[in-house]
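Have a look at upload_6.csv below; it lists CSV, N, CA and C atoms and all ligand atoms.
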```csv
chain,number,residue,atom,x,y,z
A,1,MET,N,95.1,104.0,117.6
A,1,MET,CA,94.1,103.8,116.5
A,1,MET,C,92.7,104.1,117.0
A,2,THR,N,91.9,104.8,116.3
A,2,THR,CA,90.5,105.1,116.7
A,2,THR,C,89.6,103.9,116.6
A,3,LYS,N,88.5,104.0,117.3
A,3,LYS,CA,87.5,102.9,117.4
A,3,LYS,C,87.1,102.5,116.0
A,4,GLN,N,86.8,103.5,115.1
A,4,GLN,CA,86.4,103.3,113.8
A,4,GLN,C,87.4,102.5,113.0
A,5,ARG,N,88.7,103.0,113.1
A,5,ARG,CA,89.7,102.3,112.3
A,5,ARG,C,89.9,100.9,112.8
A,6,LYS,N,89.8,100.6,114.1
A,6,LYS,CA,89.9,99.3,114.6
A,6,LYS,C,88.8,98.4,114.1
A,7,LEU,N,87.6,99.0,114.0
A,7,LEU,CA,86.5,98.2,113.5
A,7,LEU,C,86.7,97.8,112.0
A,8,VAL,N,87.2,98.8,111.2
A,8,VAL,CA,87.4,98.5,109.8
A,8,VAL,C,88.4,97.4,109.6
A,9,LEU,N,89.5,97.5,110.4
A,9,LEU,CA,90.6,96.5,110.3
A,9,LEU,C,90.1,95.1,110.8
A,10,ALA,N,89.2,95.1,111.8
A,10,ALA,CA,88.7,93.9,112.3
A,10,ALA,C,87.8,93.2,111.3
A,11,ILE,N,87.0,94.0,110.6
A,11,ILE,CA,86.1,93.4,109.6
A,11,ILE,C,86.9,92.7,108.5
A,12,ILE,N,88.0,93.4,108.1
A,12,ILE,CA,88.8,92.9,107.0
A,12,ILE,C,89.6,91.6,107.5
A,13,ASN,N,90.1,91.7,108.7
A,13,ASN,CA,90.8,90.5,109.2
A,13,ASN,C,89.9,89.3,109.5
A,14,GLU,N,88.6,89.5,109.8
A,14,GLU,CA,87.7,88.4,110.1
A,14,GLU,C,87.1,87.8,108.8
A,15,SER,N,87.3,88.5,107.7
A,15,SER,CA,86.6,88.0,106.5
A,15,SER,C,87.6,87.1,105.7
A,16,GLU,N,87.0,86.1,105.1
A,16,GLU,CA,87.8,85.2,104.2
A,16,GLU,C,87.9,85.8,102.8
A,17,HIS,N,87.2,86.9,102.6
A,17,HIS,CA,87.1,87.5,101.2
A,17,HIS,C,87.9,88.8,101.1
A,18,HIS,N,88.0,89.2,99.8
A,18,HIS,CA,88.6,90.5,99.5
A,18,HIS,C,87.4,91.5,99.4
A,19,LEU,N,87.1,92.2,100.4
A,19,LEU,CA,85.9,93.0,100.5
A,19,LEU,C,86.0,94.4,99.8
A,20,THR,N,84.9,94.9,99.3
A,20,THR,CA,84.9,96.2,98.7
A,20,THR,C,84.6,97.2,99.9
A,21,ALA,N,84.8,98.5,99.6
A,21,ALA,CA,84.5,99.5,100.6
A,21,ALA,C,83.0,99.4,101.0
A,22,GLU,N,82.2,99.2,100.0
A,22,GLU,CA,80.7,99.1,100.2
A,22,GLU,C,80.4,97.9,101.1
A,23,GLU,N,81.0,96.8,100.9
A,23,GLU,CA,80.8,95.6,101.8
A,23,GLU,C,81.2,95.8,103.2
A,24,ILE,N,82.4,96.5,103.3
A,24,ILE,CA,82.9,96.8,104.7
A,24,ILE,C,82.0,97.8,105.4
A,25,PHE,N,81.4,98.8,104.6
A,25,PHE,CA,80.5,99.7,105.1
A,25,PHE,C,79.2,99.0,105.7
A,26,MET,N,78.7,98.1,104.9
A,26,MET,CA,77.5,97.4,105.3
A,26,MET,C,77.7,96.6,106.6
A,27,GLU,N,78.9,96.0,106.7
A,27,GLU,CA,79.2,95.2,107.9
A,27,GLU,C,79.4,96.2,109.1
A,28,ALA,N,80.1,97.3,108.8
A,28,ALA,CA,80.4,98.3,109.9
A,28,ALA,C,79.1,98.9,110.5
A,29,LYS,N,78.1,99.1,109.6
A,29,LYS,CA,76.9,99.7,110.0
A,29,LYS,C,76.1,98.7,110.9
A,30,ASN,N,76.3,97.4,110.8
A,30,ASN,CA,75.7,96.5,111.7
A,30,ASN,C,76.2,96.7,113.1
A,31,ARG,N,77.4,97.2,113.2
A,31,ARG,CA,78.1,97.3,114.6
A,31,ARG,C,78.0,98.7,115.1
A,32,ILE,N,78.2,99.7,114.2
A,32,ILE,CA,78.1,101.1,114.6
A,32,ILE,C,77.1,101.7,113.7
A,33,ASN,N,75.9,101.9,114.1
A,33,ASN,CA,74.8,102.3,113.1
A,33,ASN,C,75.0,103.7,112.5
A,34,SER,N,75.7,104.5,113.3
A,34,SER,CA,75.8,105.9,112.8
A,34,SER,C,77.0,106.2,111.9
A,35,ILE,N,77.8,105.1,111.7
A,35,ILE,CA,79.1,105.3,110.9
A,35,ILE,C,78.8,105.7,109.5
A,36,ALA,N,79.6,106.6,108.9
A,36,ALA,CA,79.4,107.2,107.6
A,36,ALA,C,80.3,106.5,106.6
A,37,PHE,N,79.9,106.5,105.3
A,37,PHE,CA,80.7,105.8,104.3
A,37,PHE,C,82.1,106.5,104.2
A,38,ALA,N,82.1,107.9,104.3
A,38,ALA,CA,83.3,108.6,104.2
A,38,ALA,C,84.3,108.2,105.3
A,39,THR,N,83.8,107.9,106.5
A,39,THR,CA,84.7,107.4,107.6
A,39,THR,C,85.3,106.1,107.2
A,40,ILE,N,84.5,105.2,106.6
A,40,ILE,CA,85.1,103.9,106.2
A,40,ILE,C,86.2,104.2,105.1
A,41,TYR,N,85.8,105.0,104.2
A,41,TYR,CA,86.7,105.3,103.1
A,41,TYR,C,88.0,105.9,103.5
A,42,ASN,N,87.9,106.9,104.4
A,42,ASN,CA,89.2,107.5,104.9
A,42,ASN,C,90.0,106.5,105.8
A,43,ASN,N,89.3,105.7,106.5
A,43,ASN,CA,90.1,104.7,107.3
A,43,ASN,C,90.7,103.7,106.5
A,44,LEU,N,90.1,103.3,105.4
A,44,LEU,CA,90.7,102.3,104.5
A,44,LEU,C,91.9,102.9,103.9
A,45,ASN,N,91.9,104.1,103.4
A,45,ASN,CA,93.0,104.7,102.8
A,45,ASN,C,94.2,104.8,103.9
A,46,ALA,N,93.9,105.2,105.1
A,46,ALA,CA,94.9,105.3,106.1
A,46,ALA,C,95.5,103.9,106.4
A,47,LEU,N,94.7,102.9,106.5
A,47,LEU,CA,95.2,101.5,106.8
A,47,LEU,C,96.1,101.0,105.6
A,48,VAL,N,95.7,101.4,104.4
A,48,VAL,CA,96.5,101.0,103.3
A,48,VAL,C,97.9,101.7,103.4
A,49,ASN,N,97.9,103.0,103.7
A,49,ASN,CA,99.1,103.8,103.8
A,49,ASN,C,100.0,103.3,104.9
A,50,GLU,N,99.4,102.8,106.0
A,50,GLU,CA,100.1,102.3,107.1
A,50,GLU,C,100.5,100.8,106.9
A,51,LYS,N,100.1,100.2,105.8
A,51,LYS,CA,100.4,98.8,105.4
A,51,LYS,C,99.8,97.8,106.3
A,52,TYR,N,98.7,98.1,106.9
A,52,TYR,CA,97.9,97.1,107.7
A,52,TYR,C,97.2,96.2,106.7
A,53,ILE,N,96.8,96.8,105.6
A,53,ILE,CA,96.0,96.1,104.6
A,53,ILE,C,96.5,96.5,103.2
A,54,ALA,N,96.1,95.7,102.2
A,54,ALA,CA,96.6,96.1,100.8
A,54,ALA,C,95.3,96.3,100.0
A,55,ARG,N,95.5,97.3,99.0
A,55,ARG,CA,94.4,97.6,98.1
A,55,ARG,C,94.6,96.7,96.9
A,56,VAL,N,93.5,96.1,96.4
A,56,VAL,CA,93.5,95.3,95.2
A,56,VAL,C,92.7,96.0,94.1
A,57,LYS,N,93.4,96.5,93.1
A,57,LYS,CA,92.7,97.2,92.1
A,57,LYS,C,92.3,96.2,91.0
A,58,SER,N,91.1,96.4,90.5
A,58,SER,CA,90.7,95.6,89.4
A,58,SER,C,89.9,96.5,88.4
A,59,PRO,N,90.5,96.6,87.2
A,59,PRO,CA,89.9,97.6,86.2
A,59,PRO,C,88.4,97.3,86.0
A,60,GLY,N,87.7,98.4,86.0
A,60,GLY,CA,86.2,98.3,85.8
A,60,GLY,C,85.4,97.9,87.0
A,61,ASN,N,86.1,97.5,88.1
A,61,ASN,CA,85.4,97.1,89.3
A,61,ASN,C,85.9,97.9,90.5
A,62,PRO,N,85.1,98.0,91.6
A,62,PRO,CA,85.6,98.8,92.7
A,62,PRO,C,86.8,98.1,93.4
A,63,ASP,N,87.7,98.9,94.0
A,63,ASP,CA,88.8,98.4,94.7
A,63,ASP,C,88.4,97.4,95.8
A,64,ARG,N,89.2,96.4,96.0
A,64,ARG,CA,88.9,95.5,97.2
A,64,ARG,C,90.1,95.6,98.1
A,65,PHE,N,89.8,95.2,99.4
A,65,PHE,CA,90.9,95.3,100.4
A,65,PHE,C,91.2,94.0,101.0
A,66,ASP,N,92.5,93.8,101.2
A,66,ASP,CA,93.1,92.5,101.4
A,66,ASP,C,93.9,92.5,102.7
A,67,LYS,N,93.6,91.5,103.6
A,67,LYS,CA,94.4,91.4,104.9
A,67,LYS,C,95.8,90.9,104.7
A,68,VAL,N,96.0,90.2,103.5
A,68,VAL,CA,97.3,89.7,103.2
A,68,VAL,C,98.2,90.8,102.5
A,69,THR,N,99.2,91.2,103.2
A,69,THR,CA,100.0,92.3,102.7
A,69,THR,C,101.3,91.9,102.1
A,70,ILE,N,101.6,90.6,102.2
A,70,ILE,CA,102.9,90.1,101.5
A,70,ILE,C,102.5,90.0,100.1
A,71,PRO,N,103.5,90.2,99.2
A,71,PRO,CA,103.2,90.1,97.7
A,71,PRO,C,102.6,88.7,97.3
A,72,HIS,N,101.5,88.8,96.6
A,72,HIS,CA,100.8,87.6,96.1
A,72,HIS,C,99.9,88.0,94.9
A,73,GLU,N,99.5,86.9,94.2
A,73,GLU,CA,98.7,87.2,93.0
A,73,GLU,C,97.2,86.8,93.3
A,74,HIS,N,96.3,87.2,92.4
A,74,HIS,CA,94.9,86.9,92.6
A,74,HIS,C,94.4,86.3,91.3
A,75,VAL,N,93.5,85.3,91.5
A,75,VAL,CA,92.8,84.8,90.3
A,75,VAL,C,91.3,85.1,90.6
A,76,VAL,N,90.6,85.6,89.6
A,76,VAL,CA,89.2,86.1,89.7
A,76,VAL,C,88.3,85.2,89.0
A,77,CYS,N,87.2,84.8,89.7
A,77,CYS,CA,86.2,84.0,89.0
A,77,CYS,C,85.4,84.8,88.0
A,78,ASP,N,85.3,84.3,86.8
A,78,ASP,CA,84.7,85.0,85.7
A,78,ASP,C,83.2,85.2,85.9
A,79,TYR,N,82.6,84.3,86.7
A,79,TYR,CA,81.1,84.3,86.9
A,79,TYR,C,80.7,85.2,88.1
A,80,CYS,N,81.3,84.9,89.3
A,80,CYS,CA,80.9,85.6,90.5
A,80,CYS,C,81.8,86.7,91.0
A,81,GLY,N,83.0,86.8,90.4
A,81,GLY,CA,84.0,87.8,90.8
A,81,GLY,C,84.8,87.4,92.0
A,82,HIS,N,84.5,86.2,92.6
A,82,HIS,CA,85.3,85.8,93.8
A,82,HIS,C,86.8,85.8,93.5
A,83,ILE,N,87.5,86.4,94.5
A,83,ILE,CA,89.0,86.4,94.3
A,83,ILE,C,89.7,85.4,95.2
A,84,MET,N,90.6,84.7,94.6
A,84,MET,CA,91.4,83.7,95.4
A,84,MET,C,92.8,84.1,95.4
A,85,ASP,N,93.5,84.0,96.5
A,85,ASP,CA,94.9,84.3,96.7
A,85,ASP,C,95.7,83.1,96.1
A,86,VAL,N,96.8,83.5,95.3
A,86,VAL,CA,97.7,82.5,95.0
A,86,VAL,C,99.1,83.0,95.3
A,87,HIS,N,99.9,82.2,95.9
A,87,HIS,CA,101.3,82.6,96.2
A,87,HIS,C,102.3,81.9,95.3
A,88,VAL,N,102.8,82.6,94.4
A,88,VAL,CA,103.8,82.0,93.5
A,88,VAL,C,105.0,83.0,93.4
A,89,PRO,N,105.8,83.1,94.5
A,89,PRO,CA,106.8,84.1,94.6
A,89,PRO,C,107.9,84.0,93.5
A,90,GLU,N,108.0,82.8,92.9
A,90,GLU,CA,109.1,82.7,91.9
A,90,GLU,C,108.7,83.3,90.6
A,91,ILE,N,107.5,83.7,90.4
A,91,ILE,CA,107.1,84.3,89.1
A,91,ILE,C,108.0,85.5,88.7
A,92,LYS,N,108.2,86.4,89.7
A,92,LYS,CA,108.9,87.6,89.4
A,92,LYS,C,110.3,87.3,89.0
A,93,GLU,N,111.0,86.4,89.7
A,93,GLU,CA,112.3,86.0,89.4
A,93,GLU,C,112.4,85.3,88.0
A,94,MET,N,111.4,84.5,87.7
A,94,MET,CA,111.4,83.8,86.4
A,94,MET,C,111.2,84.9,85.3
A,95,LEU,N,110.4,85.8,85.4
A,95,LEU,CA,110.2,86.9,84.4
A,95,LEU,C,111.5,87.7,84.3
A,96,GLU,N,112.1,88.0,85.4
A,96,GLU,CA,113.3,88.9,85.3
A,96,GLU,C,114.4,88.1,84.6
A,97,LYS,N,114.5,86.9,84.8
A,97,LYS,CA,115.5,86.0,84.2
A,97,LYS,C,115.3,86.0,82.7
A,98,ARG,N,114.1,85.7,82.4
A,98,ARG,CA,113.7,85.6,81.0
A,98,ARG,C,113.8,86.9,80.2
A,99,LEU,N,113.4,88.0,80.8
A,99,LEU,CA,113.5,89.3,80.2
A,99,LEU,C,114.8,90.0,80.3
A,100,LYS,N,115.6,89.5,81.2
A,100,LYS,CA,116.9,90.2,81.6
A,100,LYS,C,116.7,91.6,82.0
A,101,LEU,N,115.7,91.8,82.8
A,101,LEU,CA,115.3,93.1,83.4
A,101,LEU,C,115.1,93.0,84.9
A,102,SER,N,115.2,94.1,85.6
A,102,SER,CA,114.9,94.0,87.0
A,102,SER,C,113.5,94.8,87.1
A,103,LEU,N,112.5,94.1,87.5
A,103,LEU,CA,111.2,94.7,87.5
A,103,LEU,C,110.9,95.4,88.8
A,104,THR,N,110.4,96.6,88.8
A,104,THR,CA,110.0,97.3,90.0
A,104,THR,C,108.6,96.8,90.5
A,105,SER,N,107.8,96.5,89.5
A,105,SER,CA,106.5,95.9,89.9
A,105,SER,C,105.9,95.2,88.6
A,106,PHE,N,105.0,94.3,88.9
A,106,PHE,CA,104.3,93.7,87.7
A,106,PHE,C,102.9,93.2,88.3
A,107,SER,N,102.0,93.0,87.3
A,107,SER,CA,100.7,92.4,87.8
A,107,SER,C,100.2,91.4,86.8
A,108,LEU,N,99.6,90.4,87.3
A,108,LEU,CA,99.0,89.3,86.4
A,108,LEU,C,97.5,89.5,86.4
A,109,ASP,N,96.8,89.3,85.3
A,109,ASP,CA,95.4,89.3,85.3
A,109,ASP,C,94.9,87.9,85.0
A,110,MET,N,94.6,87.2,86.1
A,110,MET,CA,94.3,85.7,85.9
A,110,MET,C,92.8,85.5,86.3
A,111,HIS,N,92.2,84.7,85.5
A,111,HIS,CA,90.8,84.4,85.7
A,111,HIS,C,90.5,82.9,85.7
A,112,TYR,N,89.5,82.5,86.4
A,112,TYR,CA,89.1,81.0,86.4
A,112,TYR,C,87.6,80.9,86.7
A,113,VAL,N,87.1,79.7,86.8
A,113,VAL,CA,85.7,79.5,87.2
A,113,VAL,C,85.8,78.8,88.6
A,114,CYS,N,85.3,79.4,89.6
A,114,CYS,CA,85.4,78.8,91.0
A,114,CYS,C,84.5,77.6,91.1
A,115,ASP,N,84.8,76.8,92.2
A,115,ASP,CA,84.0,75.6,92.4
A,115,ASP,C,82.5,75.8,92.5
A,116,THR,N,82.1,76.8,93.2
A,116,THR,CA,80.7,77.1,93.4
A,116,THR,C,80.0,77.3,92.0
A,117,CYS,N,80.7,78.1,91.2
A,117,CYS,CA,80.1,78.4,89.9
A,117,CYS,C,80.2,77.2,88.9
A,118,LYS,N,81.2,76.4,89.1
A,118,LYS,CA,81.3,75.2,88.3
A,118,LYS,C,80.1,74.2,88.5
A,119,GLN,N,79.6,74.2,89.7
A,119,GLN,CA,78.5,73.3,90.1
A,119,GLN,C,77.2,73.8,89.5
A,120,SER,N,77.0,75.1,89.3
A,120,SER,CA,75.7,75.5,88.8
A,120,SER,C,75.7,75.8,87.4
B,201,ZN,ZN,82.5,81.9,91.0
B,202,ZN,ZN,94.8,88.6,98.2
```
Reformat the file's structure so that it appears as structure tokens.
Ligand SMILES: [Zn+2]
Ligand SMILES: [Zn+2]
Amino acid sequence: MTKQRKLVLAIINESEHHLTAEEIFMEAKNRINSIAFATIYNNLNALVNEKYIARVKSPGNPDRFDKVTIPHEHVVCDYCGHIMDVHVPEIKEMLEKRLKLSLTSFSLDMHYVCDTCKQS
């Protein structure tokens, strides 16, 4: 693994959040000043392909990158866009039973208001 790729992976693993490429770039620049956005972008794609990280697509928003690669769902705060992981592995089984279909994939679009936004 190249030094740049290790750095990108480390930033994602150290973060408690689902970062965008832009956020990863800002953090990487603090550590390697000369690093280019294209380098970040290429390394993110490679890390996703190698399954070190997962890509989280959200329509109308930039992709985010997730250190948790086992299947899980996300709930998004309507106010600040913060993403929280939820692990409900039985959802797929429940849907399949109900629909009498075998699903190759599915996605849930769940939203909530996070604690920080509730307070303000
Ligand atoms: Zn919020
Ligand atoms: Zn996640």
List the neighbours of Glu22 (chain A) out to 9 Å using only C-alpha atoms; skip same-chain residues closer than 3 positions along the sequence, and give me the result as a PDB file with N, CA and C atoms, keeping the file's coordinate frame.
```pdb
ATOM      1  N   LEU A  19      87.100  92.200 100.400  1.00  0.00           N
ATOM      2  CA  LEU A  19      85.900  93.000 100.500  1.00  0.00           C
ATOM      3  C   LEU A  19      86.000  94.400  99.800  1.00  0.00           C
ATOM      4  N   PHE A  25      81.400  98.800 104.600  1.00  0.00           N
ATOM      5  CA  PHE A  25      80.500  99.700 105.100  1.00  0.00           C
ATOM      6  C   PHE A  25      79.200  99.000 105.700  1.00  0.00           C
ATOM      7  N   MET A  26      78.700  98.100 104.900  1.00  0.00           N
ATOM      8  CA  MET A  26      77.500  97.400 105.300  1.00  0.00           C
ATOM      9  C   MET A  26      77.700  96.600 106.600  1.00  0.00           C
ATOM     10  N   GLU A  27      78.900  96.000 106.700  1.00  0.00           N
ATOM     11  CA  GLU A  27      79.200  95.200 107.900  1.00  0.00           C
ATOM     12  C   GLU A  27      79.400  96.200 109.100  1.00  0.00           C
ATOM     13  N   PHE A  37      79.900 106.500 105.300  1.00  0.00           N
ATOM     14  CA  PHE A  37      80.700 105.800 104.300  1.00  0.00           C
ATOM     15  C   PHE A  37      82.100 106.500 104.200  1.00  0.00           C
ATOM     16  N   ILE A  40      84.500 105.200 106.600  1.00  0.00           N
ATOM     17  CA  ILE A  40      85.100 103.900 106.200  1.00  0.00           C
ATOM     18  C   ILE A  40      86.200 104.200 105.100  1.00  0.00           C
ATOM     19  N   PRO A  62      85.100  98.000  91.600  1.00  0.00           N
ATOM     20  CA  PRO A  62      85.600  98.800  92.700  1.00  0.00           C
ATOM     21  C   PRO A  62      86.800  98.100  93.400  1.00  0.00           C
TER      22      PRO A  62
END
```
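Omitting Ser120 (chain A) and its sequence neighbours fewer than 5 positions away, and counting only C-alpha atoms, the residues within 12 Å are Tyr79, Cys80, Val113, Cys114 and Asp115 of chain A.
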For chain A against ligand ZN 202 (chain B), with a cut-off of 8 Å and counting only C-alpha atoms and all ligand atoms, what is the closest atom pair and its distance in Å to one decimal for every residue that makes the cut, ordered by chain and number, as a tab-separated table?
```
residue	atom	partner	partner_atom	distance
A:His18	CA	B:ZN202	ZN	6.6
A:Val56	CA	B:ZN202	ZN	7.5
A:Asp66	CA	B:ZN202	ZN	5.3
A:Lys67	CA	B:ZN202	ZN	7.3
A:Val68	CA	B:ZN202	ZN	5.7
A:Thr69	CA	B:ZN202	ZN	7.8
A:His72	CA	B:ZN202	ZN	6.4
A:Glu73	CA	B:ZN202	ZN	6.6
A:His74	CA	B:ZN202	ZN	5.9
A:Ile83	CA	B:ZN202	ZN	7.3
A:Met84	CA	B:ZN202	ZN	6.6
A:Asp85	CA	B:ZN202	ZN	4.6
A:Val86	CA	B:ZN202	ZN	7.5
```
For this session: Give the helix (DSSP H, G or I) residues of chain A, as assigned by DSSP on the backbone, as an MDAnalysis selection string.
Result: chainID A and resid 3:14 21:31 37:49 90:99 115:119
Problem set entry | Which residue of A:Cys77, A:Ala28, A:Ala21, A:Ala36 approaches ligand ZN 201 (chain B) most closely, using only N, CA and C atoms and all ligand atoms |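 Smallest separation from ligand ZN 201 (chain B) among the options: A:Cys77.
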Exercise. So which residues of chain A fall under strand (DSSP E or B) by DSSP, listed as a ChimeraX atom specification?
Worked result: /A:19-20,54-58,61-66,73-77,83-86,110-112
Exercise. Taking only C-alpha atoms into account, which of A:Val76, A:Tyr112, A:Glu14, A:Phe65 comes nearest Leu44 (chain A)?
Worked result: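 Checking each candidate against Leu44 (chain A), we get A:Phe65 as the closest.
When only N, CA and C atoms and all ligand atoms are used to measure the gap to ligand ZN 201 (chain B), the shortest distance among A:Pro71, A:Gly60, A:Gly81, A:Pro89 belongs to A:Gly81.
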For this session: Using only C-alpha atoms and all ligand atoms, pick whichever of A:Thr39, A:Thr2, A:Asn49, A:Thr116 has the shortest atom-to-atom distance to ligand ZN 201 (chain B).
Result: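 Looking at the shortest contact to ligand ZN 201 (chain B), the residue is A:Thr116.
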Problem set entry | Given only C-alpha atoms and all ligand atoms as the counted atoms, nearest of A:Met94, A:Leu101, A:Ala46, A:Cys117 to ligand ZN 201 (chain B) |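 Nearest candidate to ligand ZN 201 (chain B) out of A:Met94, A:Leu101, A:Ala46, A:Cys117: A:Cys117.
Closest approach to ligand ZN 201 (chain B) from the set A:Ser105, A:Ser58, A:Lys29, A:His82 is made by A:His82, with distances taken over only C-alpha atoms and all ligand atoms.
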Problem set entry | Atom pair CA of Leu103 (chain A) / CA of Asn61 (chain A): separation (Å) |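 We find that CA of Leu103 (chain A) and CA of Asn61 (chain A) lie 26.0 Å from each other.
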Problem set entry | Atom pair atom C of Val48 (chain A) / CA of Arg64 (chain A): separation (Å) | 12.6 Å
For this session: Quick one: pull the distance between atom C of Leu9 (chain A) and atom C of Tyr52 (chain A), Å, one decimal.
Result: 8.3 Å
